[in-house]
>>> print(open('target-v5.pdb').read())   # PDB, C-alpha atoms
ATOM      1  CA  MET A1248     -18.286  48.020  11.182
ATOM      2  CA  LEU A1249     -14.561  47.925  10.496
ATOM      3  CA  LEU A1250     -13.407  47.564   6.925
ATOM      4  CA  ALA A1251     -11.353  44.499   6.089
ATOM      5  CA  ASN A1252      -7.624  45.042   5.633
ATOM      6  CA  PHE A1253      -7.467  42.667   2.675
ATOM      7  CA  LYS A1254      -9.791  40.912   0.250
ATOM      8  CA  VAL A1255      -9.125  37.259  -0.510
ATOM      9  CA  PHE A1256     -11.067  35.864  -3.454
ATOM     10  CA  MET A1257     -11.738  32.103  -3.687
ATOM     11  CA  THR A1258     -12.543  30.958  -7.205
ATOM     12  CA  ASP A1259     -14.071  27.600  -6.278
ATOM     13  CA  THR A1260     -14.328  25.097  -3.462
ATOM     14  CA  ILE A1261     -15.028  21.435  -2.804
ATOM     15  CA  PHE A1262     -15.171  21.926   0.942
ATOM     16  CA  PRO A1263     -18.309  21.969   3.108
ATOM     17  CA  ASP A1264     -17.556  25.403   4.555
ATOM     18  CA  SER A1265     -14.863  28.071   4.703
ATOM     19  CA  VAL A1266     -14.319  28.101   8.469
ATOM     20  CA  ILE A1267     -10.649  27.088   8.362
ATOM     21  CA  GLU A1268      -9.731  29.646   5.722
ATOM     22  CA  GLU A1269     -11.631  32.427   7.499
ATOM     23  CA  GLU A1270     -10.002  31.532  10.813
ATOM     24  CA  GLU A1271      -6.494  31.948   9.396
ATOM     25  CA  LEU A1272      -7.286  35.047   7.341
ATOM     26  CA  ALA A1273      -8.976  36.769  10.290
ATOM     27  CA  LYS A1274      -5.575  36.959  11.979
ATOM     28  CA  ILE A1275      -4.632  39.750   9.557
ATOM     29  CA  GLY A1276      -8.095  41.218   9.121
ATOM     30  CA  ALA A1277      -8.623  39.642   5.698
ATOM     31  CA  GLN A1278     -12.111  38.914   4.389
ATOM     32  CA  LEU A1279     -12.842  35.853   2.243
ATOM     33  CA  GLN A1280     -15.200  36.113  -0.712
ATOM     34  CA  ILE A1281     -16.185  32.969  -2.651
ATOM     35  CA  SER A1282     -17.036  33.384  -6.328
ATOM     36  CA  SER A1283     -20.673  33.081  -7.290
ATOM     37  CA  ASP A1284     -19.747  31.104 -10.408
ATOM     38  CA  LYS A1285     -16.827  29.073 -11.757
ATOM     39  CA  THR A1286     -16.318  31.238 -14.826
ATOM     40  CA  SER A1287     -13.617  33.642 -15.914
ATOM     41  CA  SER A1288     -16.137  36.443 -16.231
ATOM     42  CA  ALA A1289     -17.228  35.950 -12.604
ATOM     43  CA  PHE A1290     -13.622  35.878 -11.448
ATOM     44  CA  ILE A1291     -12.933  39.170 -13.214
ATOM     45  CA  THR A1292     -16.122  40.920 -12.109
ATOM     46  CA  GLU A1293     -16.003  39.808  -8.491
ATOM     47  CA  GLY A1294     -12.287  39.289  -7.901
ATOM     48  CA  HIS A1295     -10.447  41.931  -9.930
ATOM     49  CA  ASP A1296      -9.769  43.980  -6.794
ATOM     50  CA  CYS A1297      -8.597  41.132  -4.553
ATOM     51  CA  ASP A1298      -5.312  41.194  -2.680
ATOM     52  CA  ALA A1299      -4.956  37.414  -2.898
ATOM     53  CA  MET A1300      -6.638  34.520  -4.664
ATOM     54  CA  LEU A1301      -7.352  30.963  -3.509
ATOM     55  CA  VAL A1302      -7.858  28.384  -6.266
ATOM     56  CA  VAL A1303      -8.931  24.743  -6.032
ATOM     57  CA  TYR A1304      -9.743  23.262  -9.449
ATOM     58  CA  ALA A1305     -10.985  26.253 -11.449
ATOM     59  CA  PRO A1306      -8.824  27.327 -14.395
ATOM     60  CA  VAL A1307      -7.305  30.766 -13.883
ATOM     61  CA  GLY A1308      -5.931  31.891 -17.212
ATOM     62  CA  GLU A1309      -4.226  34.920 -18.663
ATOM     63  CA  GLU A1310      -7.564  36.659 -19.273
ATOM     64  CA  VAL A1311      -8.308  36.650 -15.551
ATOM     65  CA  ILE A1312      -4.794  37.388 -14.348
ATOM     66  CA  ARG A1313      -4.444  40.457 -16.611
ATOM     67  CA  LYS A1314      -7.497  41.967 -14.909
ATOM     68  CA  LEU A1315      -6.219  41.565 -11.345
ATOM     69  CA  ASP A1316      -5.581  45.115 -10.167
ATOM     70  CA  LYS A1317      -3.606  44.525  -6.983
ATOM     71  CA  CYS A1318      -3.343  40.793  -6.376
ATOM     72  CA  ARG A1319      -0.070  39.811  -4.723
ATOM     73  CA  ILE A1320      -0.445  36.040  -4.538
ATOM     74  CA  ILE A1321      -2.421  33.160  -6.057
ATOM     75  CA  VAL A1322      -2.439  29.999  -3.972
ATOM     76  CA  ARG A1323      -3.441  26.650  -5.430
ATOM     77  CA  THR A1324      -5.169  24.612  -2.733
ATOM     78  CA  GLY A1325      -3.395  21.461  -3.861
ATOM     79  CA  ILE A1326      -0.128  20.288  -5.382
ATOM     80  CA  GLY A1327      -0.222  20.913  -9.130
ATOM     81  CA  VAL A1328      -0.505  24.405 -10.611
ATOM     82  CA  ASN A1329      -1.485  23.364 -14.135
ATOM     83  CA  ASN A1330      -4.822  25.164 -13.857
ATOM     84  CA  ILE A1331      -3.083  28.504 -13.261
ATOM     85  CA  ASP A1332      -1.301  30.468 -15.994
ATOM     86  CA  VAL A1333       1.964  30.793 -14.102
ATOM     87  CA  ASP A1334       3.692  32.714 -16.891
ATOM     88  CA  ALA A1335       0.965  35.362 -16.925
ATOM     89  CA  ALA A1336       1.165  35.656 -13.143
ATOM     90  CA  THR A1337       4.937  36.013 -13.268
ATOM     91  CA  GLU A1338       4.638  38.759 -15.860
ATOM     92  CA  LYS A1339       2.397  40.689 -13.456
ATOM     93  CA  LYS A1340       4.702  39.932 -10.506
ATOM     94  CA  ILE A1341       2.034  37.861  -8.773
ATOM     95  CA  MET A1342       3.392  35.066  -6.634
ATOM     96  CA  VAL A1343       2.013  31.586  -7.349
ATOM     97  CA  CYS A1344       2.141  29.041  -4.551
ATOM     98  CA  ASN A1345       0.950  25.524  -3.876
ATOM     99  CA  VAL A1346       0.788  23.046  -1.012
ATOM    100  CA  PRO A1347       3.071  20.189  -2.069
ATOM    101  CA  ASP A1348       3.464  18.398   1.256
ATOM    102  CA  TYR A1349       0.028  17.760   2.731
ATOM    103  CA  CYS A1350      -1.103  14.351   1.424
ATOM    104  CA  ILE A1351       2.028  12.297   0.818
ATOM    105  CA  GLU A1352       0.918   9.305   2.863
ATOM    106  CA  GLU A1353      -2.684   9.414   1.658
ATOM    107  CA  VAL A1354      -1.710   9.306  -2.021
ATOM    108  CA  ALA A1355       0.785   6.520  -1.400
ATOM    109  CA  ASP A1356      -1.836   4.526   0.517
ATOM    110  CA  HIS A1357      -4.434   5.067  -2.202
ATOM    111  CA  THR A1358      -1.969   4.016  -4.894
ATOM    112  CA  ILE A1359      -1.277   0.718  -3.171
ATOM    113  CA  ALA A1360      -4.975   0.238  -2.371
ATOM    114  CA  LEU A1361      -5.864   0.598  -6.052
ATOM    115  CA  PHE A1362      -3.008  -1.675  -7.048
ATOM    116  CA  LEU A1363      -4.012  -4.433  -4.641
ATOM    117  CA  SER A1364      -7.693  -4.117  -5.512
ATOM    118  CA  GLY A1365      -6.857  -4.481  -9.176
ATOM    119  CA  ILE A1366      -4.202  -7.155  -9.104
ATOM    120  CA  ARG A1367      -6.055  -9.260  -6.517
ATOM    121  CA  LYS A1368      -9.352  -8.626  -8.383
ATOM    122  CA  VAL A1369     -10.991  -7.378  -5.174
ATOM    123  CA  SER A1370     -13.280  -4.853  -6.857
ATOM    124  CA  TYR A1371     -14.173  -7.269  -9.659
ATOM    125  CA  LEU A1372     -14.972 -10.159  -7.318
ATOM    126  CA  ASN A1373     -16.985  -7.904  -5.041
ATOM    127  CA  GLN A1374     -19.223  -7.008  -7.989
ATOM    128  CA  LYS A1375     -19.590 -10.660  -8.977
ATOM    129  CA  VAL A1376     -20.541 -11.842  -5.484
ATOM    130  CA  LYS A1377     -23.086  -9.039  -5.109
ATOM    131  CA  GLY A1378     -24.493 -10.102  -8.463
ATOM    132  CA  GLY A1379     -25.008 -13.668  -7.252
ATOM    133  CA  GLN A1380     -21.832 -15.352  -8.545
ATOM    134  CA  TRP A1381     -19.704 -17.206  -5.961
ATOM    135  CA  ASP A1382     -16.788 -18.430  -8.059
ATOM    136  CA  VAL A1383     -13.127 -17.818  -7.242
ATOM    137  CA  THR A1384     -12.062 -18.962 -10.698
ATOM    138  CA  LEU A1385     -13.510 -15.763 -12.146
ATOM    139  CA  ALA A1386     -10.477 -13.968 -10.727
ATOM    140  CA  LYS A1387      -7.891 -15.874 -12.741
ATOM    141  CA  PRO A1388      -5.131 -15.030 -13.384
ATOM    142  CA  VAL A1389      -3.919 -13.587 -10.070
ATOM    143  CA  PRO A1390      -0.111 -13.384  -9.715
ATOM    144  CA  ARG A1391       1.918 -13.810  -6.539
ATOM    145  CA  LEU A1392       3.491 -10.453  -5.679
ATOM    146  CA  ARG A1393       6.724 -11.583  -4.020
ATOM    147  CA  GLY A1394       9.589 -11.400  -6.468
ATOM    148  CA  LYS A1395       7.712  -9.331  -9.025
ATOM    149  CA  LYS A1396       9.097  -6.063 -10.380
ATOM    150  CA  TYR A1397       7.268  -2.858  -9.414
ATOM    151  CA  GLY A1398       8.099   0.367 -11.224
ATOM    152  CA  VAL A1399       7.910   3.839  -9.697
ATOM    153  CA  LEU A1400       7.872   6.585 -12.309
ATOM    154  CA  GLY A1401       8.826   9.695 -10.406
ATOM    155  CA  CYS A1402      10.682   9.062  -7.152
ATOM    156  CA  GLY A1403       9.740  12.202  -5.260
ATOM    157  CA  ALA A1404       8.124  12.172  -1.834
ATOM    158  CA  ILE A1405       5.025  10.231  -2.931
ATOM    159  CA  GLY A1406       6.929   7.842  -5.182
ATOM    160  CA  ARG A1407       9.336   6.994  -2.380
ATOM    161  CA  GLU A1408       6.467   6.253  -0.001
ATOM    162  CA  VAL A1409       4.891   3.981  -2.620
ATOM    163  CA  ALA A1410       8.219   2.191  -3.051
ATOM    164  CA  THR A1411       8.407   1.542   0.691
ATOM    165  CA  ARG A1412       4.904   0.080   0.716
ATOM    166  CA  ALA A1413       5.535  -2.068  -2.360
ATOM    167  CA  GLN A1414       8.746  -3.409  -0.832
ATOM    168  CA  ALA A1415       6.717  -4.699   2.124
ATOM    169  CA  PHE A1416       5.020  -7.136  -0.271
ATOM    170  CA  GLY A1417       8.358  -8.566  -1.336
ATOM    171  CA  MET A1418       8.493  -6.859  -4.716
ATOM    172  CA  ASP A1419      11.696  -5.561  -6.290
ATOM    173  CA  ILE A1420      11.465  -1.829  -6.956
ATOM    174  CA  TYR A1421      12.642  -0.176 -10.146
ATOM    175  CA  GLY A1422      12.604   3.582 -10.497
ATOM    176  CA  TYR A1423      12.749   6.211 -13.196
ATOM    177  CA  ASP A1424      13.652   9.712 -12.063
ATOM    178  CA  PRO A1425      16.199  11.847 -13.928
ATOM    179  CA  TYR A1426      16.566  14.185 -10.940
ATOM    180  CA  LEU A1427      17.761  11.698  -8.317
ATOM    181  CA  SER A1428      21.273  10.271  -8.174
ATOM    182  CA  ASP A1429      22.086   6.575  -8.367
ATOM    183  CA  GLU A1430      23.301   6.767  -4.777
ATOM    184  CA  ARG A1431      20.024   8.252  -3.545
ATOM    185  CA  LEU A1432      17.921   5.671  -5.358
ATOM    186  CA  SER A1433      20.143   2.847  -4.132
ATOM    187  CA  SER A1434      19.800   4.054  -0.542
ATOM    188  CA  LEU A1435      16.030   3.713  -0.968
ATOM    189  CA  GLY A1436      16.313   0.176  -2.292
ATOM    190  CA  ILE A1437      15.336   1.290  -5.784
ATOM    191  CA  THR A1438      17.101   0.048  -8.906
ATOM    192  CA  ARG A1439      17.511   2.821 -11.459
ATOM    193  CA  VAL A1440      16.106   2.318 -14.933
ATOM    194  CA  ALA A1441      17.744   4.600 -17.461
ATOM    195  CA  SER A1442      14.810   5.286 -19.769
ATOM    196  CA  ILE A1443      11.029   5.318 -19.873
ATOM    197  CA  GLU A1444      11.075   2.690 -22.600
ATOM    198  CA  GLU A1445      13.196   0.364 -20.488
ATOM    199  CA  ILE A1446      11.013   0.572 -17.399
ATOM    200  CA  PHE A1447       7.842  -0.239 -19.350
ATOM    201  CA  SER A1448       9.408  -3.376 -20.797
ATOM    202  CA  THR A1449      11.077  -4.404 -17.524
ATOM    203  CA  VAL A1450       8.476  -4.178 -14.762
ATOM    204  CA  ASP A1451       5.358  -6.216 -14.070
ATOM    205  CA  PHE A1452       3.452  -3.353 -12.466
ATOM    206  CA  PHE A1453       4.011   0.369 -12.062
ATOM    207  CA  SER A1454       2.539   3.620 -10.799
ATOM    208  CA  LEU A1455       2.838   7.189 -12.025
ATOM    209  CA  HIS A1456       4.052   9.976  -9.728
ATOM    210  CA  MET A1457       5.220  12.582 -12.228
ATOM    211  CA  PRO A1458       4.196  16.202 -12.797
ATOM    212  CA  LEU A1459       2.285  17.150 -15.922
ATOM    213  CA  THR A1460       4.614  18.807 -18.408
ATOM    214  CA  GLU A1461       4.914  18.943 -22.189
ATOM    215  CA  GLU A1462       7.234  15.948 -21.968
ATOM    216  CA  THR A1463       4.971  13.826 -19.743
ATOM    217  CA  HIS A1464       1.652  14.667 -21.450
ATOM    218  CA  HIS A1465       0.176  11.378 -22.784
ATOM    219  CA  LEU A1466       3.202   9.472 -21.512
ATOM    220  CA  ILE A1467       0.976   6.401 -21.566
ATOM    221  CA  ASN A1468       0.011   6.037 -25.219
ATOM    222  CA  GLU A1469      -0.216   3.511 -28.036
ATOM    223  CA  SER A1470       3.564   3.393 -28.372
ATOM    224  CA  THR A1471       4.437   2.950 -24.695
ATOM    225  CA  LEU A1472       1.545   0.552 -24.112
ATOM    226  CA  SER A1473       3.015  -1.671 -26.821
ATOM    227  CA  LEU A1474       6.201  -2.008 -24.759
ATOM    228  CA  MET A1475       4.400  -3.420 -21.714
ATOM    229  CA  LYS A1476       3.989  -7.053 -20.746
ATOM    230  CA  PRO A1477       0.529  -8.616 -21.151
ATOM    231  CA  SER A1478       0.500  -8.999 -17.350
ATOM    232  CA  THR A1479       1.122  -5.284 -16.704
ATOM    233  CA  PHE A1480      -1.148  -3.456 -14.276
ATOM    234  CA  PHE A1481      -0.568   0.226 -13.597
ATOM    235  CA  VAL A1482      -1.944   2.980 -11.358
ATOM    236  CA  ASN A1483      -2.189   6.720 -11.971
ATOM    237  CA  THR A1484      -2.734   8.931  -8.924
ATOM    238  CA  SER A1485      -0.732  11.819 -10.366
ATOM    239  CA  ARG A1486      -2.217  13.819 -13.260
ATOM    240  CA  GLY A1487      -4.941  12.646 -15.622
ATOM    241  CA  PRO A1488      -3.372  13.837 -18.901
ATOM    242  CA  LEU A1489      -0.344  11.612 -18.317
ATOM    243  CA  VAL A1490      -2.545   8.900 -19.833
ATOM    244  CA  ASN A1491      -4.071   8.934 -23.297
ATOM    245  CA  GLN A1492      -7.422   7.432 -22.323
ATOM    246  CA  LYS A1493      -8.417   6.479 -25.869
ATOM    247  CA  ASP A1494      -5.215   4.479 -26.325
ATOM    248  CA  LEU A1495      -5.618   2.897 -22.897
ATOM    249  CA  TYR A1496      -9.206   1.907 -23.679
ATOM    250  CA  GLN A1497      -8.107   0.030 -26.789
ATOM    251  CA  ALA A1498      -5.312  -1.733 -24.934
ATOM    252  CA  LEU A1499      -7.710  -2.841 -22.202
ATOM    253  CA  VAL A1500     -10.417  -3.982 -24.618
ATOM    254  CA  GLU A1501      -7.874  -6.007 -26.563
ATOM    255  CA  LYS A1502      -6.336  -7.236 -23.279
ATOM    256  CA  ARG A1503      -2.856  -6.166 -24.332
ATOM    257  CA  ILE A1504      -2.257  -5.312 -20.667
ATOM    258  CA  ALA A1505      -3.907  -6.841 -17.610
ATOM    259  CA  GLY A1506      -5.500  -3.702 -16.252
ATOM    260  CA  ALA A1507      -5.210  -0.224 -14.814
ATOM    261  CA  ALA A1508      -6.504   1.973 -12.010
ATOM    262  CA  LEU A1509      -7.043   5.710 -12.449
ATOM    263  CA  ASP A1510      -7.754   8.215  -9.710
ATOM    264  CA  VAL A1511      -7.269  11.108 -12.125
ATOM    265  CA  LEU A1512      -8.675  11.651 -15.609
ATOM    266  CA  GLU A1513      -8.010  13.857 -18.610
ATOM    267  CA  THR A1514     -11.325  15.620 -17.977
ATOM    268  CA  GLU A1515     -12.829  15.728 -14.492
ATOM    269  CA  PRO A1516     -15.594  14.823 -14.069
ATOM    270  CA  PRO A1517     -15.594  12.669 -17.214
ATOM    271  CA  GLU A1518     -17.885  13.516 -20.077
ATOM    272  CA  ALA A1519     -20.575  11.023 -21.074
ATOM    273  CA  PRO A1520     -20.372   8.539 -22.635
ATOM    274  CA  PHE A1521     -17.373   7.442 -20.575
ATOM    275  CA  ALA A1522     -16.099   4.326 -22.315
ATOM    276  CA  LEU A1523     -13.595   3.259 -19.660
ATOM    277  CA  ALA A1524     -16.384   2.909 -17.097
ATOM    278  CA  GLY A1525     -17.802  -0.032 -19.029
ATOM    279  CA  LEU A1526     -14.703  -2.207 -18.671
ATOM    280  CA  ASP A1527     -14.071  -4.841 -15.998
ATOM    281  CA  ASN A1528     -10.277  -4.497 -16.062
ATOM    282  CA  ILE A1529     -10.074  -0.931 -14.809
ATOM    283  CA  ILE A1530     -10.755   0.670 -11.427
ATOM    284  CA  LEU A1531     -11.808   4.313 -11.243
ATOM    285  CA  THR A1532     -11.940   6.675  -8.260
ATOM    286  CA  PRO A1533     -12.923  10.382  -8.333
ATOM    287  CA  HIS A1534      -9.601  12.162  -7.658
ATOM    288  CA  ALA A1535      -9.782  10.899  -4.091
ATOM    289  CA  ALA A1536      -6.176   9.871  -3.392
ATOM    290  CA  PHE A1537      -5.373  13.098  -1.565
ATOM    291  CA  TYR A1538      -8.213  12.785   0.870
ATOM    292  CA  SER A1539      -8.363  11.982   4.544
ATOM    293  CA  ASN A1540     -10.087  13.915   7.305
ATOM    294  CA  GLU A1541      -6.701  15.126   8.469
ATOM    295  CA  SER A1542      -5.216  15.929   5.052
ATOM    296  CA  GLU A1543      -8.144  18.162   4.095
ATOM    297  CA  ILE A1544      -7.714  20.259   7.229
ATOM    298  CA  GLU A1545      -3.956  20.452   6.709
ATOM    299  CA  LEU A1546      -4.343  21.475   3.069
ATOM    300  CA  ARG A1547      -6.808  24.258   3.741
ATOM    301  CA  ARG A1548      -4.865  25.676   6.671
ATOM    302  CA  LYS A1549      -1.535  25.617   4.833
ATOM    303  CA  ALA A1550      -3.021  27.320   1.776
ATOM    304  CA  ALA A1551      -4.496  30.124   3.878
ATOM    305  CA  LYS A1552      -1.251  30.552   5.811
ATOM    306  CA  GLU A1553       0.625  31.193   2.556
ATOM    307  CA  ILE A1554      -1.682  34.124   1.898
ATOM    308  CA  VAL A1555      -1.151  35.440   5.416
ATOM    309  CA  ARG A1556       2.620  35.329   4.911
ATOM    310  CA  ALA A1557       2.482  37.150   1.602
ATOM    311  CA  LEU A1558       0.076  39.856   2.743
ATOM    312  CA  THR A1559       2.179  40.580   5.818
ATOM    313  CA  GLY A1560       5.340  41.130   3.797
ATOM    314  CA  ASN A1561       6.889  37.677   4.148
ATOM    315  CA  ASN A1562       7.848  35.161   1.488
ATOM    316  CA  PRO A1563       5.564  32.145   1.195
ATOM    317  CA  LYS A1564       7.059  28.721   1.888
ATOM    318  CA  ASN A1565       6.116  27.165  -1.435
ATOM    319  CA  TRP A1566       6.652  29.911  -3.972
ATOM    320  CA  VAL A1567       6.518  28.304  -7.427
ATOM    321  CA  ASN A1568       7.461  31.231  -9.693
ATOM    322  CA  LYS A1569      10.156  33.014  -7.741
ATOM    323  CA  PHE A1570      11.172  36.338  -9.275
TER
END
>>> encode(input="target-v5.pdb", output="structure tokens")
Amino acid sequence: MLLANFKVFMTDTIFPDSVIEEEELAKIGAQLQISSDKTSSAFITEGHDCDAMLVVYAPVGEEVIRKLDKCRIIVRTGIGVNNIDVDAATEKKIMVCNVPDYCIEEVADHTIALFLSGIRKVSYLNQKVKGGQWDVTLAKPVPRLRGKKYGVLGCGAIGREVATRAQAFGMDIYGYDPYLSDERLSSLGITRVASIEEIFSTVDFFSLHMPLTEETHHLINESTLSLMKPSTFFVNTSRGPLVNQKDLYQALVEKRIAGAALDVLETEPPEAPFALAGLDNIILTPHAAFYSNESEIELRRKAAKEIVRALTGNNPKNWVNKF
């Protein structure tokens, strides 16, 4: 039996098998090992000697990274790298990569699906009919979308796709993104809003498409919620900690805004008791916006290919912490 050229350690998985990863890694004689447990101690014991690491949702902190003897690359099988201590990896000269371009259309579709389900009361009415109530008046109020103002917070690839979809319903699009020029936003049919405070008080509806940083953590909070119109409905398919869930719960209970839809939460899965789940004016999905049959395959293959590039002496395509 031939020894493997490389060891690739996978901290965790949500996938039904590892066929795609093994298929790509076999091209360079790399062997995949999946952790027996989602704990730092297991990662250190079983993965300290890996040449590369694949990470889905498990946190990989400084404690783990310091113990990696020869790891060249850590690849997040997803977009965000908040669950990886990038600074610690950089200090050890370990490349950190992600897959930022695999589910753009899926997330945009899911955002609009949640928005329409909430604003048209689809989910709410479905529950009522199944419970024996046939009464359209239960849905009131339901606004007409044409002519309303839709805000896109973060006008990157996903935000731009959401804007295009929202425009198809006749809504005027307002955007907040400090990294895009006025000319670029204008070419997309998006009216720039200069500040976060202004967009919350201007738009009727909005969705979040921003990374999680110190500045964006709990962006939706008691203060910003107070700026919103009573008719505001918003969607978060970005990062759970962008929203202070306790503050949102109070706003929804007191009906200070019309509603919200969250695909991502501060803690996933949520800890019981989960107060938001008891409200009628919120829709919740289990971090599903990224998913389609095709996007899952694309994600897994692209993540494995980054490892192949790195272990064969090439630079990965999506190198987050270049040094």
>>> resolve_selection(input="target-v5.pdb", expression="the PyMOL selection byres ((chain A and resi 1388) around 12)", output="ChimeraX atom specification")
/A:1365-1368,1383-1387,1389-1391,1477-1478,1505-1506
>>> resolve_selection(input="target-v5.pdb", expression="the PyMOL selection byres ((chain A and resi 1342-1357) around 9)", output="compact mmCIF listing (two decimals) with C-alpha atoms, keeping the file's coordinate frame")
# COMPACT_ATOMS: atom_id res chain seq x y z
CA CYS A 1318 -3.34 40.79 -6.38
CA ARG A 1319 -0.07 39.81 -4.72
CA ILE A 1320 -0.44 36.04 -4.54
CA ILE A 1321 -2.42 33.16 -6.06
CA VAL A 1322 -2.44 30.00 -3.97
CA ARG A 1323 -3.44 26.65 -5.43
CA THR A 1324 -5.17 24.61 -2.73
CA GLY A 1325 -3.40 21.46 -3.86
CA ILE A 1326 -0.13 20.29 -5.38
CA GLY A 1327 -0.22 20.91 -9.13
CA VAL A 1328 -0.50 24.40 -10.61
CA ILE A 1331 -3.08 28.50 -13.26
CA VAL A 1333 1.96 30.79 -14.10
CA ALA A 1336 1.16 35.66 -13.14
CA THR A 1337 4.94 36.01 -13.27
CA LYS A 1339 2.40 40.69 -13.46
CA LYS A 1340 4.70 39.93 -10.51
CA ILE A 1341 2.03 37.86 -8.77
CA THR A 1358 -1.97 4.02 -4.89
CA ILE A 1359 -1.28 0.72 -3.17
CA ALA A 1360 -4.97 0.24 -2.37
CA LEU A 1361 -5.86 0.60 -6.05
CA PHE A 1362 -3.01 -1.68 -7.05
CA ALA A 1404 8.12 12.17 -1.83
CA ILE A 1405 5.03 10.23 -2.93
CA GLY A 1406 6.93 7.84 -5.18
CA ARG A 1407 9.34 6.99 -2.38
CA GLU A 1408 6.47 6.25 0.00
CA VAL A 1409 4.89 3.98 -2.62
CA ALA A 1410 8.22 2.19 -3.05
CA ARG A 1412 4.90 0.08 0.72
CA THR A 1484 -2.73 8.93 -8.92
CA SER A 1485 -0.73 11.82 -10.37
CA ASP A 1510 -7.75 8.22 -9.71
CA ALA A 1535 -9.78 10.90 -4.09
CA ALA A 1536 -6.18 9.87 -3.39
CA PHE A 1537 -5.37 13.10 -1.56
CA TYR A 1538 -8.21 12.78 0.87
CA SER A 1539 -8.36 11.98 4.54
CA SER A 1542 -5.22 15.93 5.05
CA GLU A 1543 -8.14 18.16 4.10
CA GLU A 1545 -3.96 20.45 6.71
CA LEU A 1546 -4.34 21.48 3.07
CA LYS A 1549 -1.54 25.62 4.83
CA ALA A 1550 -3.02 27.32 1.78
CA GLU A 1553 0.62 31.19 2.56
CA ALA A 1557 2.48 37.15 1.60
CA PRO A 1563 5.56 32.15 1.20
CA LYS A 1564 7.06 28.72 1.89
CA ASN A 1565 6.12 27.16 -1.44
CA TRP A 1566 6.65 29.91 -3.97
CA VAL A 1567 6.52 28.30 -7.43
CA ASN A 1568 7.46 31.23 -9.69
CA LYS A 1569 10.16 33.01 -7.74
CA PHE A 1570 11.17 36.34 -9.28
>>> atom_distance(input="target-v5.pdb", atom1="CA of Ile1312 (chain A)", atom2="CA of Ile1554 (chain A)")
16.9 Å
>>> resolve_selection(input="target-v5.pdb", expression="the PyMOL selection byres ((chain A and resi 1475) around 9)", output="CSV table (one decimal) with C-alpha atoms, keeping the file's coordinate frame")
chain,number,residue,atom,x,y,z
A,1446,ILE,CA,11.0,0.6,-17.4
A,1447,PHE,CA,7.8,-0.2,-19.4
A,1448,SER,CA,9.4,-3.4,-20.8
A,1449,THR,CA,11.1,-4.4,-17.5
A,1450,VAL,CA,8.5,-4.2,-14.8
A,1451,ASP,CA,5.4,-6.2,-14.1
A,1471,THR,CA,4.4,3.0,-24.7
A,1472,LEU,CA,1.5,0.6,-24.1
A,1473,SER,CA,3.0,-1.7,-26.8
A,1474,LEU,CA,6.2,-2.0,-24.8
A,1476,LYS,CA,4.0,-7.1,-20.7
A,1477,PRO,CA,0.5,-8.6,-21.2
A,1478,SER,CA,0.5,-9.0,-17.4
A,1479,THR,CA,1.1,-5.3,-16.7
A,1503,ARG,CA,-2.9,-6.2,-24.3
A,1504,ILE,CA,-2.3,-5.3,-20.7
>>> closest_residue(input="target-v5.pdb", among="A:Phe1262, A:Trp1381, A:Phe1290, A:Tyr1397", to="Ile1544 (chain A)", atoms="only C-alpha atoms")
A:Phe1262
>>> closest_residue(input="target-v5.pdb", among="A:Pro1425, A:Pro1488, A:Gly1276, A:Gly1378", to="Ile1467 (chain A)", atoms="all atoms listed in the file")
A:Pro1488
>>> residues_around(input="target-v5.pdb", residues="Gln1278 (chain A)", least_positions_apart="5", cutoff="8 Å", atoms="all atoms listed in the file", output="tab-separated table (two decimals) with C-alpha atoms, in the coordinates of the input")
chain	number	residue	atom	x	y	z
A	1251	ALA	CA	-11.35	44.50	6.09
A	1252	ASN	CA	-7.62	45.04	5.63
A	1253	PHE	CA	-7.47	42.67	2.68
A	1254	LYS	CA	-9.79	40.91	0.25
A	1255	VAL	CA	-9.12	37.26	-0.51
A	1269	GLU	CA	-11.63	32.43	7.50
A	1272	LEU	CA	-7.29	35.05	7.34
A	1273	ALA	CA	-8.98	36.77	10.29
>>> residues_around(input="target-v5.pdb", residues="region 1491-1502 of chain A", least_positions_apart="5", cutoff="7 Å", atoms="only C-alpha atoms", output="ChimeraX atom specification")
/A:1465,1467-1469,1523,1528
>>> atom_distance(input="target-v5.pdb", atom1="CA of Phe1256 (chain A)", atom2="CA of Glu1518 (chain A)")
28.7 Å
>>> closest_residue(input="target-v5.pdb", among="A:Leu1509, A:Leu1301, A:His1295, A:Thr1514", to="Glu1268 (chain A)", atoms="only C-alpha atoms")
A:Leu1301
>>> atom_distance(input="target-v5.pdb", atom1="CA of Pro1458 (chain A)", atom2="CA of Gly1487 (chain A)")
10.2 Å
>>> residues_around(input="target-v5.pdb", residues="Gln1414 (chain A)", least_positions_apart="5", cutoff="12 Å", atoms="only C-alpha atoms", output="ChimeraX atom specification")
/A:1359,1392-1399,1407-1409,1419-1421,1435-1437
>>> write_last_selection(input="target-v5.pdb", atoms="C-alpha atoms", output="tab-separated table (two decimals), keeping the file's coordinate frame")
chain	number	residue	atom	x	y	z
A	1359	ILE	CA	-1.28	0.72	-3.17
A	1392	LEU	CA	3.49	-10.45	-5.68
A	1393	ARG	CA	6.72	-11.58	-4.02
A	1394	GLY	CA	9.59	-11.40	-6.47
A	1395	LYS	CA	7.71	-9.33	-9.02
A	1396	LYS	CA	9.10	-6.06	-10.38
A	1397	TYR	CA	7.27	-2.86	-9.41
A	1398	GLY	CA	8.10	0.37	-11.22
A	1399	VAL	CA	7.91	3.84	-9.70
A	1407	ARG	CA	9.34	6.99	-2.38
A	1408	GLU	CA	6.47	6.25	0.00
A	1409	VAL	CA	4.89	3.98	-2.62
A	1419	ASP	CA	11.70	-5.56	-6.29
A	1420	ILE	CA	11.46	-1.83	-6.96
A	1421	TYR	CA	12.64	-0.18	-10.15
A	1435	LEU	CA	16.03	3.71	-0.97
A	1436	GLY	CA	16.31	0.18	-2.29
A	1437	ILE	CA	15.34	1.29	-5.78
